[in-house]
>>> print(open('model00.json').read())   # JSON, C-alpha atoms and all ligand atoms
[["chain", "number", "residue", "atom", "x", "y", "z"],
["H", 1, "MET", "CA", 292.35, -30.80, 240.51],
["H", 2, "LYS", "CA", 288.77, -29.84, 239.68],
["H", 3, "VAL", "CA", 285.72, -30.97, 241.64],
["H", 4, "ILE", "CA", 282.34, -31.63, 240.04],
["H", 5, "THR", "CA", 279.32, -32.28, 242.27],
["H", 6, "ILE", "CA", 276.21, -33.83, 240.79],
["H", 7, "GLY", "CA", 273.07, -33.08, 242.76],
["H", 8, "SER", "CA", 269.28, -32.77, 242.86],
["H", 9, "PHE", "CA", 266.72, -33.22, 245.61],
["H", 10, "LYS", "CA", 264.56, -35.41, 243.41],
["H", 11, "GLY", "CA", 265.34, -39.13, 243.07],
["H", 12, "GLY", "CA", 265.80, -40.76, 239.68],
["H", 13, "THR", "CA", 266.80, -37.66, 237.71],
["H", 14, "GLY", "CA", 269.84, -39.56, 236.39],
["H", 15, "LYS", "CA", 272.63, -38.27, 238.68],
["H", 16, "THR", "CA", 274.39, -41.61, 238.97],
["H", 17, "THR", "CA", 274.02, -42.39, 235.26],
["H", 18, "LEU", "CA", 275.43, -38.96, 234.44],
["H", 19, "ALA", "CA", 278.30, -39.49, 236.89],
["H", 20, "ALA", "CA", 279.14, -42.78, 235.13],
["H", 21, "VAL", "CA", 279.00, -41.26, 231.63],
["H", 22, "LEU", "CA", 280.92, -38.11, 232.56],
["H", 23, "SER", "CA", 283.63, -39.89, 234.54],
["H", 24, "THR", "CA", 284.09, -42.43, 231.72],
["H", 25, "ALA", "CA", 284.24, -39.68, 229.10],
["H", 26, "LEU", "CA", 286.90, -37.81, 231.09],
["H", 27, "THR", "CA", 288.87, -41.02, 231.65],
["H", 28, "LEU", "CA", 288.77, -41.81, 227.93],
["H", 29, "ARG", "CA", 290.11, -38.30, 227.29],
["H", 30, "GLY", "CA", 293.11, -39.03, 229.49],
["H", 31, "PHE", "CA", 292.04, -37.28, 232.71],
["H", 32, "LYS", "CA", 292.77, -39.22, 235.87],
["H", 33, "THR", "CA", 289.31, -39.26, 237.41],
["H", 34, "LEU", "CA", 288.11, -40.14, 240.88],
["H", 35, "VAL", "CA", 284.43, -40.67, 241.65],
["H", 36, "ILE", "CA", 283.15, -40.37, 245.18],
["H", 37, "GLU", "CA", 279.80, -42.01, 245.69],
["H", 38, "LEU", "CA", 277.76, -40.92, 248.65],
["H", 39, "GLU", "CA", 275.21, -43.67, 248.06],
["H", 40, "THR", "CA", 277.06, -46.14, 250.28],
["H", 41, "SER", "CA", 274.25, -48.64, 250.85],
["H", 42, "THR", "CA", 273.95, -49.82, 247.23],
["H", 43, "LYS", "CA", 277.19, -48.48, 245.66],
["H", 44, "PRO", "CA", 276.02, -48.50, 242.02],
["H", 45, "LEU", "CA", 279.19, -46.80, 240.78],
["H", 46, "ALA", "CA", 281.51, -49.28, 242.51],
["H", 47, "ARG", "CA", 279.62, -51.95, 240.63],
["H", 48, "PHE", "CA", 279.98, -49.99, 237.39],
["H", 49, "GLU", "CA", 283.75, -49.74, 237.99],
["H", 50, "ALA", "CA", 284.02, -53.48, 238.71],
["H", 51, "CYS", "CA", 282.11, -54.33, 235.51],
["H", 52, "ARG", "CA", 284.41, -52.14, 233.41],
["H", 53, "ASP", "CA", 287.45, -53.62, 235.07],
["H", 54, "PHE", "CA", 286.19, -57.12, 234.33],
["H", 55, "ALA", "CA", 285.52, -56.17, 230.68],
["H", 56, "ASP", "CA", 289.03, -54.70, 230.46],
["H", 57, "LEU", "CA", 287.71, -51.22, 229.74],
["H", 58, "SER", "CA", 289.48, -48.17, 231.16],
["H", 59, "HIS", "CA", 287.56, -46.70, 234.04],
["H", 60, "PRO", "CA", 287.53, -43.96, 236.64],
["H", 61, "ASN", "CA", 288.39, -44.98, 240.19],
["H", 62, "VAL", "CA", 285.40, -45.12, 242.49],
["H", 63, "GLN", "CA", 285.52, -44.66, 246.23],
["H", 64, "ASP", "CA", 283.13, -43.93, 249.01],
["H", 65, "LEU", "CA", 283.75, -41.58, 251.86],
["H", 66, "LEU", "CA", 282.92, -42.56, 255.39],
["H", 67, "CYS", "CA", 282.77, -40.00, 258.14],
["H", 68, "SER", "CA", 282.79, -42.04, 261.30],
["H", 69, "GLY", "CA", 281.84, -41.18, 264.83],
["H", 70, "GLY", "CA", 278.74, -39.43, 266.18],
["H", 71, "GLN", "CA", 276.57, -37.48, 263.82],
["H", 72, "PRO", "CA", 278.88, -35.60, 261.46],
["H", 73, "ASP", "CA", 277.68, -32.13, 260.49],
["H", 74, "VAL", "CA", 278.42, -30.08, 257.36],
["H", 75, "LYS", "CA", 281.73, -28.81, 258.78],
["H", 76, "ASP", "CA", 282.89, -32.38, 259.60],
["H", 77, "TRP", "CA", 282.09, -33.43, 256.04],
["H", 78, "GLN", "CA", 283.89, -30.39, 254.62],
["H", 79, "ILE", "CA", 287.01, -31.45, 256.53],
["H", 80, "MET", "CA", 286.65, -35.01, 255.21],
["H", 81, "PHE", "CA", 286.25, -33.78, 251.64],
["H", 82, "ARG", "CA", 289.26, -31.47, 251.95],
["H", 83, "GLN", "CA", 291.41, -34.36, 253.20],
["H", 84, "GLU", "CA", 290.16, -36.49, 250.31],
["H", 85, "MET", "CA", 290.95, -33.73, 247.83],
["H", 86, "THR", "CA", 294.48, -33.26, 249.18],
["H", 87, "GLU", "CA", 295.08, -37.00, 248.96],
["H", 88, "ALA", "CA", 293.60, -37.20, 245.44],
["H", 89, "GLU", "CA", 295.79, -34.30, 244.31],
["H", 90, "ARG", "CA", 298.83, -36.03, 245.76],
["H", 91, "ARG", "CA", 297.92, -39.16, 243.78],
["H", 92, "GLY", "CA", 297.76, -37.11, 240.57],
["H", 93, "TYR", "CA", 294.02, -36.93, 239.95],
["H", 94, "ASP", "CA", 292.82, -34.25, 237.53],
["H", 95, "VAL", "CA", 289.13, -34.44, 238.34],
["H", 96, "MET", "CA", 287.00, -35.59, 241.26],
["H", 97, "ILE", "CA", 283.27, -36.19, 240.69],
["H", 98, "VAL", "CA", 280.92, -36.48, 243.64],
["H", 99, "ASP", "CA", 277.63, -38.29, 243.05],
["H", 100, "THR", "CA", 275.23, -37.22, 245.78],
["H", 101, "ALA", "CA", 271.94, -38.58, 247.14],
["H", 102, "SER", "CA", 268.61, -36.78, 246.69],
["H", 103, "VAL", "CA", 268.26, -35.51, 250.23],
["H", 104, "TRP", "CA", 269.12, -32.50, 252.34],
["H", 105, "LYS", "CA", 271.98, -34.15, 254.24],
["H", 106, "PRO", "CA", 275.22, -32.68, 255.65],
["H", 107, "GLU", "CA", 277.44, -34.58, 253.21],
["H", 108, "VAL", "CA", 275.33, -33.47, 250.25],
["H", 109, "ILE", "CA", 275.54, -29.83, 251.34],
["H", 110, "ALA", "CA", 279.30, -30.13, 251.94],
["H", 111, "ALA", "CA", 279.77, -31.65, 248.46],
["H", 112, "HIS", "CA", 278.00, -28.65, 246.90],
["H", 113, "LEU", "CA", 280.07, -26.19, 248.93],
["H", 114, "MET", "CA", 283.41, -27.42, 247.64],
["H", 115, "ALA", "CA", 282.57, -27.87, 243.94],
["H", 116, "ASP", "CA", 284.20, -26.00, 241.08],
["H", 117, "LEU", "CA", 281.19, -27.03, 239.03],
["H", 118, "VAL", "CA", 277.77, -28.18, 240.25],
["H", 119, "ILE", "CA", 275.55, -30.09, 237.85],
["H", 120, "THR", "CA", 271.94, -30.23, 238.97],
["H", 121, "THR", "CA", 269.88, -32.78, 237.11],
["H", 122, "VAL", "CA", 266.21, -32.18, 236.44],
["H", 123, "THR", "CA", 263.66, -33.90, 234.24],
["H", 124, "GLU", "CA", 260.88, -32.17, 232.33],
["H", 125, "SER", "CA", 258.33, -32.93, 235.00],
["H", 126, "PRO", "CA", 256.37, -30.50, 237.23],
["H", 127, "ILE", "CA", 257.24, -32.64, 240.27],
["H", 128, "ASP", "CA", 260.91, -31.89, 239.66],
["H", 129, "LEU", "CA", 260.09, -28.19, 239.53],
["H", 130, "TYR", "CA", 258.46, -28.28, 242.95],
["H", 131, "GLN", "CA", 261.63, -29.78, 244.38],
["H", 132, "ILE", "CA", 263.64, -26.92, 243.00],
["H", 133, "MET", "CA", 261.85, -23.62, 243.23],
["H", 134, "PRO", "CA", 259.38, -22.00, 245.60],
["H", 135, "THR", "CA", 255.85, -22.15, 244.25],
["H", 136, "SER", "CA", 252.68, -20.33, 245.22],
["H", 137, "GLY", "CA", 250.22, -22.99, 244.07],
["H", 138, "PRO", "CA", 248.68, -25.92, 245.94],
["H", 139, "SER", "CA", 251.18, -27.58, 248.16],
["H", 140, "MET", "CA", 253.32, -29.99, 246.21],
["H", 141, "GLN", "CA", 256.18, -27.83, 247.40],
["H", 142, "ALA", "CA", 259.17, -29.54, 248.95],
["H", 143, "SER", "CA", 259.75, -28.39, 252.51],
["H", 144, "ARG", "CA", 263.27, -27.40, 251.51],
["H", 145, "PRO", "CA", 263.44, -26.66, 247.81],
["H", 146, "TYR", "CA", 266.78, -26.93, 246.06],
["H", 147, "ALA", "CA", 266.70, -23.13, 245.60],
["H", 148, "GLN", "CA", 267.58, -22.86, 249.31],
["H", 149, "LEU", "CA", 270.72, -24.89, 248.71],
["H", 150, "ILE", "CA", 271.67, -22.69, 245.75],
["H", 151, "ASP", "CA", 271.26, -19.67, 248.05],
["H", 152, "LEU", "CA", 273.32, -21.25, 250.80],
["H", 153, "VAL", "CA", 276.16, -22.16, 248.41],
["H", 154, "ARG", "CA", 276.18, -18.68, 246.84],
["H", 155, "ARG", "CA", 276.35, -17.00, 250.26],
["H", 156, "HIS", "CA", 279.12, -19.33, 251.37],
["H", 157, "ALA", "CA", 281.06, -18.61, 248.16],
["H", 158, "ALA", "CA", 280.65, -14.85, 248.60],
["H", 159, "GLN", "CA", 281.91, -15.06, 252.20],
["H", 160, "ASN", "CA", 284.95, -16.97, 250.97],
["H", 161, "ASN", "CA", 285.54, -14.70, 247.98],
["H", 162, "ARG", "CA", 284.93, -17.53, 245.54],
["H", 163, "HIS", "CA", 283.42, -16.26, 242.33],
["H", 164, "ASP", "CA", 284.90, -18.76, 239.94],
["H", 165, "PHE", "CA", 282.61, -21.75, 240.25],
["H", 166, "GLY", "CA", 280.11, -22.83, 237.65],
["H", 167, "TRP", "CA", 276.58, -24.17, 237.96],
["H", 168, "PHE", "CA", 274.67, -26.13, 235.32],
["H", 169, "MET", "CA", 271.00, -26.98, 235.55],
["H", 170, "CYS", "CA", 270.94, -30.01, 233.30],
["H", 171, "ILE", "CA", 267.67, -31.09, 231.66],
["H", 172, "ASN", "CA", 268.16, -34.84, 231.82],
["H", 173, "ARG", "CA", 266.37, -38.04, 230.85],
["H", 174, "ARG", "CA", 264.61, -36.02, 228.16],
["H", 175, "SER", "CA", 261.89, -37.66, 226.13],
["H", 176, "HIS", "CA", 262.14, -37.86, 222.34],
["H", 177, "LEU", "CA", 258.65, -36.45, 222.20],
["H", 178, "ARG", "CA", 258.01, -32.78, 222.52],
["H", 179, "THR", "CA", 255.13, -32.22, 224.93],
["H", 180, "LYS", "CA", 253.23, -29.23, 226.30],
["H", 181, "VAL", "CA", 254.17, -30.13, 229.82],
["H", 182, "GLY", "CA", 257.84, -30.42, 228.85],
["H", 183, "ASP", "CA", 257.74, -27.00, 227.18],
["H", 184, "SER", "CA", 256.07, -25.45, 230.20],
["H", 185, "VAL", "CA", 258.63, -26.92, 232.63],
["H", 186, "ARG", "CA", 261.47, -25.75, 230.41],
["H", 187, "GLU", "CA", 260.08, -22.20, 230.26],
["H", 188, "GLN", "CA", 259.86, -22.08, 234.05],
["H", 189, "LEU", "CA", 263.38, -23.44, 234.35],
["H", 190, "GLU", "CA", 264.59, -20.79, 231.93],
["H", 191, "SER", "CA", 263.36, -17.97, 234.14],
["H", 192, "PHE", "CA", 264.50, -19.69, 237.35],
["H", 193, "THR", "CA", 268.03, -20.25, 236.05],
["H", 194, "GLU", "CA", 268.22, -16.71, 234.74],
["H", 195, "ASN", "CA", 267.31, -15.34, 238.17],
["H", 196, "THR", "CA", 269.72, -17.60, 240.01],
["H", 197, "ASN", "CA", 272.59, -17.17, 237.54],
["H", 198, "VAL", "CA", 272.72, -20.86, 236.66],
["H", 199, "ASP", "CA", 273.36, -22.13, 233.11],
["H", 200, "LEU", "CA", 270.51, -24.21, 231.71],
["H", 201, "ILE", "CA", 271.88, -27.01, 229.52],
["H", 202, "TYR", "CA", 270.68, -30.25, 227.95],
["H", 203, "GLY", "CA", 271.97, -33.52, 229.38],
["H", 204, "LEU", "CA", 271.15, -37.06, 228.35],
["H", 205, "VAL", "CA", 268.05, -38.12, 226.46],
["H", 206, "ASP", "CA", 266.12, -41.07, 227.90],
["H", 207, "ARG", "CA", 267.64, -43.96, 225.95],
["H", 208, "VAL", "CA", 267.92, -47.71, 226.33],
["H", 209, "GLY", "CA", 271.69, -47.36, 225.82],
["H", 210, "TYR", "CA", 272.08, -45.79, 229.27],
["H", 211, "ARG", "CA", 269.86, -48.23, 231.12],
["H", 212, "ASN", "CA", 272.14, -51.21, 231.23],
["H", 213, "MET", "CA", 275.31, -49.35, 232.12],
["H", 214, "MET", "CA", 275.48, -50.26, 235.81],
["H", 215, "ALA", "CA", 275.03, -53.93, 234.97],
["H", 216, "THR", "CA", 277.46, -54.16, 232.04],
["H", 217, "GLY", "CA", 279.85, -51.25, 232.61],
["H", 218, "ILE", "CA", 279.47, -50.41, 228.91],
["H", 219, "THR", "CA", 278.52, -46.84, 228.05],
["H", 220, "PRO", "CA", 277.49, -45.39, 224.68],
["H", 221, "LEU", "CA", 281.03, -43.97, 224.53],
["H", 222, "ASP", "CA", 282.57, -47.41, 224.25],
["H", 223, "ASP", "CA", 283.23, -48.81, 220.84],
["H", 224, "VAL", "CA", 282.79, -52.53, 221.50],
["H", 225, "GLU", "CA", 284.02, -54.76, 218.70],
["H", 226, "GLY", "CA", 281.36, -57.02, 217.24],
["H", 227, "GLU", "CA", 278.47, -54.96, 218.64],
["H", 228, "PRO", "CA", 276.18, -53.34, 216.06],
["H", 229, "VAL", "CA", 276.27, -49.55, 216.06],
["H", 230, "GLN", "CA", 272.70, -48.28, 216.05],
["H", 231, "LYS", "CA", 271.64, -44.73, 215.29],
["H", 232, "SER", "CA", 270.48, -44.21, 218.86],
["H", 233, "LEU", "CA", 273.90, -45.27, 220.18],
["H", 234, "LEU", "CA", 275.59, -42.72, 217.94],
["H", 235, "ALA", "CA", 273.14, -40.06, 219.11],
["H", 236, "ALA", "CA", 273.91, -40.97, 222.73],
["H", 237, "ARG", "CA", 277.63, -40.75, 222.01],
["H", 238, "THR", "CA", 277.20, -37.34, 220.41],
["H", 239, "GLU", "CA", 275.14, -35.92, 223.29],
["H", 240, "SER", "CA", 277.56, -37.35, 225.90],
["H", 241, "ASN", "CA", 280.53, -35.83, 224.08],
["H", 242, "ARG", "CA", 278.73, -32.51, 223.78],
["H", 243, "LEU", "CA", 278.06, -32.53, 227.51],
["H", 244, "VAL", "CA", 281.63, -33.38, 228.44],
["H", 245, "GLY", "CA", 282.80, -30.59, 226.12],
["H", 246, "LYS", "CA", 280.69, -28.09, 228.07],
["H", 247, "VAL", "CA", 282.01, -29.41, 231.38],
["H", 248, "MET", "CA", 285.63, -29.15, 230.19],
["H", 249, "LEU", "CA", 285.08, -25.63, 228.92],
["H", 250, "SER", "CA", 283.50, -24.55, 232.18],
["H", 251, "LEU", "CA", 286.39, -25.99, 234.20],
["H", 252, "GLY", "CA", 289.09, -24.80, 231.83],
["H", 253, "LEU", "CA", 290.25, -28.38, 231.26],
["H", 254, "ARG", "CA", 292.37, -28.82, 228.14],
["H", 255, "ALA", "CA", 292.12, -32.13, 226.30],
["H", 256, "LYS", "CA", 294.92, -34.57, 227.03],
["H", 257, "THR", "CA", 296.05, -37.52, 225.00],
["H", 258, "LEU", "CA", 296.10, -40.95, 226.61],
["H", 259, "GLU", "CA", 299.87, -41.09, 226.08],
["H", 260, "SER", "CA", 300.48, -37.89, 228.03],
["H", 261, "ALA", "CA", 298.17, -39.10, 230.81],
["H", 262, "ALA", "CA", 300.06, -42.38, 231.11],
["H", 263, "ALA", "CA", 303.44, -40.62, 231.28],
["I", 301, "LIG", "N1", 269.36, -41.00, 230.14],
["I", 301, "LIG", "C1", 268.76, -42.09, 230.60],
["I", 301, "LIG", "N2", 268.13, -42.94, 229.76],
["I", 301, "LIG", "C2", 267.50, -44.05, 230.20],
["I", 301, "LIG", "N3", 267.45, -44.42, 231.49],
["I", 301, "LIG", "C3", 268.06, -43.62, 232.38],
["I", 301, "LIG", "C4", 268.76, -42.42, 232.00],
["I", 301, "LIG", "N4", 269.27, -41.84, 233.13],
["I", 301, "LIG", "C5", 268.91, -42.65, 234.14],
["I", 301, "LIG", "N5", 268.19, -43.70, 233.71],
["I", 301, "LIG", "C6", 267.59, -44.78, 234.52],
["I", 301, "LIG", "O1", 266.76, -44.16, 235.51],
["I", 301, "LIG", "C7", 266.92, -44.75, 236.77],
["I", 301, "LIG", "C8", 267.44, -43.71, 237.75],
["I", 301, "LIG", "O2", 268.69, -43.25, 237.28],
["I", 301, "LIG", "P1", 269.86, -42.88, 238.27],
["I", 301, "LIG", "O3", 270.07, -43.96, 239.25],
["I", 301, "LIG", "O4", 271.01, -42.47, 237.43],
["I", 301, "LIG", "O5", 269.21, -41.61, 238.97],
["I", 301, "LIG", "P2", 269.66, -40.91, 240.33],
["I", 301, "LIG", "O6", 269.30, -39.48, 240.19],
["I", 301, "LIG", "O7", 271.07, -41.23, 240.62],
["I", 301, "LIG", "O8", 268.71, -41.61, 241.39],
["I", 301, "LIG", "P3", 268.84, -41.53, 242.99],
["I", 301, "LIG", "O9", 268.27, -40.20, 243.36],
["I", 301, "LIG", "O10", 268.00, -42.67, 243.45],
["I", 301, "LIG", "O11", 270.28, -41.66, 243.34],
["I", 301, "LIG", "C9", 267.88, -45.91, 236.56],
["I", 301, "LIG", "O12", 267.11, -47.07, 236.36],
["I", 301, "LIG", "C10", 268.64, -45.54, 235.30],
["I", 301, "LIG", "O13", 269.06, -46.67, 234.57],
["I", 302, "MG", "MG", 271.97, -42.04, 242.32]]
>>> encode(input="model00.json", output="structure tokens")
Amino acid sequence: MKVITIGSFKGGTGKTTLAAVLSTALTLRGFKTLVIELETSTKPLARFEACRDFADLSHPNVQDLLCSGGQPDVKDWQIMFRQEMTEAERRGYDVMIVDTASVWKPEVIAAHLMADLVITTVTESPIDLYQIMPTSGPSMQASRPYAQLIDLVRRHAAQNNRHDFGWFMCINRRSHLRTKVGDSVREQLESFTENTNVDLIYGLVDRVGYRNMMATGITPLDDVEGEPVQKSLLAARTESNRLVGKVMLSLGLRAKTLESAAA
């Protein structure tokens, strides 16, 4: 089983939306997919799952993970995640996706430490940059930039002789318009990702088609009979498929047919 962790220390970069699209795309390709949502107060993905179930659309299974007792630290969460992974493997899951919250919390760190692939979402905004990399300018700098987490995970991997995990920095919620500020953020991300050995990729464009997903359960990947197929929906479908292709390649996942998955 492969584990994908979706993270960023900046809220609203589209982690949960990406988790919904990616987990649906993998499910539609025949991979048995489990989603762990760490956002347990609002549970957007549980709602997404319920909506798909109601609409009779195939869906990933969504669960949350509760670490009870005291104040669990990173090691406690690592134990919890390992137990969850063993159980998921026993139940025949191919992929587990962890959708994290935008804060430096033990469970978020633990989720990054156990991933085969981390996807860090970022939008083309300078504020997102300050959450990621150290800056020397006036202080918009996050007290703990995401770069520190990348460092921590790399050191942990080296100590454990793990060199086989991937890391995508995913430019997400992109605007259709090309702007100077967007270009400048992208250039800075290019040099940051080169220095940290992270792959810079494009994620989802900012589109209406993604906005209603948590309320309807319907993603741009679903071909719903009777619904008009607009150009923007097809573009969303193409970019989602492109993204899932990159994820599968990085994890060495070979496409399955639905028949073989059901067997
Ligand atoms: N590609 C997109 N196109 C249009 N709207 C989007 C897209 N991605 C996310 N959104 C919208 O942006 C808002 C934030 O998205 P989302 O909840 O996925 O971000 P998040 O990173 O999970 O946020 P948080 O840090 O609060 O968990 C939501 O209203 C969502 O519908
Ligand atoms: Mg979220």
>>> residues_around(input="model00.json", residues="Glu49 of chain H", least_positions_apart="6", cutoff="8 Å", atoms="only C-alpha atoms", output="list in words")
His59, Pro60, Asn61, Val62 and Gly217 of chain H
>>> residues_around(input="model00.json", residues="segment 32-34 of chain H", least_positions_apart="6", cutoff="8 Å", atoms="only C-alpha atoms", output="list in words")
Ser23, Leu26, Pro60, Asn61, Val62, Gln63, Ala88, Gly92, Tyr93, Asp94, Val95, Met96, Ile97 and Ala261 of chain H
>>> residues_near_ligand(input="model00.json", ligand="ligand LIG 301 (chain I)", cutoff="7 Å", atoms="only C-alpha atoms and all ligand atoms", output="PyMOL selection string")
chain H and resi 10-18+101-102+172-173+204-212
>>> residues_around(input="model00.json", residues="segment 185-187 of chain H", least_positions_apart="2", cutoff="12 Å", atoms="only C-alpha atoms", output="PyMOL selection string")
chain H and resi 122-130+132-133+169-172+174+178-183+189-194+200-202
>>> atom_distance(input="model00.json", atom1="atom CA of Thr121 of chain H", atom2="atom CA of Phe168 of chain H")
8.4 Å
>>> closest_residue(input="model00.json", among="H:Thr100, H:Thr216, H:Phe81, H:Val3", to="ligand MG 302 (chain I)", atoms="only C-alpha atoms and all ligand atoms")
H:Thr100
>>> atom_distance(input="model00.json", atom1="atom CA of Ala46 of chain H", atom2="atom CA of Ala19 of chain H")
11.7 Å
>>> closest_residue(input="model00.json", among="H:Lys2, H:Arg52, H:Lys43, H:Lys246", to="ligand MG 302 (chain I)", atoms="all atoms listed in the file")
H:Lys43
>>> closest_residue(input="model00.json", among="H:Thr24, H:Gln83, H:Thr135, H:Ser68", to="Ala147 of chain H", atoms="only C-alpha atoms")
H:Thr135
>>> decode(input="model00.json", residues="segment 112-120 of chain H", atoms="all heavy atoms", output="compact mmCIF listing (two decimals), in the first residue's frame")
# COMPACT_ATOMS: atom_id res chain seq x y z
N HIS H 112 3.52 13.45 7.52
CA HIS H 112 4.58 13.70 6.53
C HIS H 112 5.69 12.65 6.65
O HIS H 112 6.27 12.25 5.64
CB HIS H 112 5.19 15.10 6.75
CG HIS H 112 4.37 16.22 6.17
ND1 HIS H 112 3.20 16.66 6.75
CD2 HIS H 112 4.55 16.98 5.06
CE1 HIS H 112 2.70 17.65 6.03
NE2 HIS H 112 3.50 17.86 4.99
N LEU H 113 5.97 12.22 7.88
CA LEU H 113 7.08 11.28 8.08
C LEU H 113 6.83 9.91 7.47
O LEU H 113 7.76 9.19 7.18
CB LEU H 113 7.38 11.13 9.58
CG LEU H 113 7.99 12.34 10.28
CD1 LEU H 113 8.17 12.06 11.77
CD2 LEU H 113 9.32 12.72 9.65
N MET H 114 5.57 9.54 7.33
CA MET H 114 5.33 8.16 6.87
C MET H 114 4.92 8.08 5.40
O MET H 114 4.62 7.00 4.90
CB MET H 114 4.26 7.52 7.73
CG MET H 114 2.99 8.31 7.67
SD MET H 114 1.65 7.34 8.22
CE MET H 114 0.37 8.14 7.32
N ALA H 115 4.94 9.24 4.70
CA ALA H 115 4.42 9.24 3.32
C ALA H 115 5.41 8.64 2.31
O ALA H 115 6.62 8.76 2.46
CB ALA H 115 4.10 10.67 2.91
N ASP H 116 4.86 7.98 1.30
CA ASP H 116 5.66 7.59 0.14
C ASP H 116 5.74 8.76 -0.83
O ASP H 116 6.66 8.86 -1.62
CB ASP H 116 5.01 6.40 -0.58
CG ASP H 116 4.99 5.17 0.31
OD1 ASP H 116 6.09 4.70 0.67
OD2 ASP H 116 3.90 4.71 0.68
N LEU H 117 4.70 9.60 -0.78
CA LEU H 117 4.67 10.79 -1.61
C LEU H 117 4.01 11.91 -0.81
O LEU H 117 2.91 11.73 -0.29
CB LEU H 117 3.87 10.53 -2.89
CG LEU H 117 3.62 11.75 -3.80
CD1 LEU H 117 4.92 12.27 -4.41
CD2 LEU H 117 2.63 11.41 -4.92
N VAL H 118 4.71 13.05 -0.70
CA VAL H 118 4.08 14.23 -0.10
C VAL H 118 3.69 15.18 -1.24
O VAL H 118 4.47 15.39 -2.17
CB VAL H 118 5.05 14.97 0.86
CG1 VAL H 118 4.38 16.21 1.45
CG2 VAL H 118 5.54 14.06 1.98
N ILE H 119 2.49 15.71 -1.14
CA ILE H 119 2.08 16.76 -2.09
C ILE H 119 1.83 18.02 -1.28
O ILE H 119 0.94 18.05 -0.42
CB ILE H 119 0.81 16.38 -2.88
CG1 ILE H 119 0.99 15.03 -3.58
CG2 ILE H 119 0.47 17.48 -3.89
CD1 ILE H 119 -0.25 14.58 -4.36
N THR H 120 2.65 19.03 -1.54
CA THR H 120 2.50 20.30 -0.83
C THR H 120 1.82 21.29 -1.76
O THR H 120 2.32 21.56 -2.85
CB THR H 120 3.88 20.85 -0.43
OG1 THR H 120 4.56 19.85 0.33
CG2 THR H 120 3.76 22.12 0.38
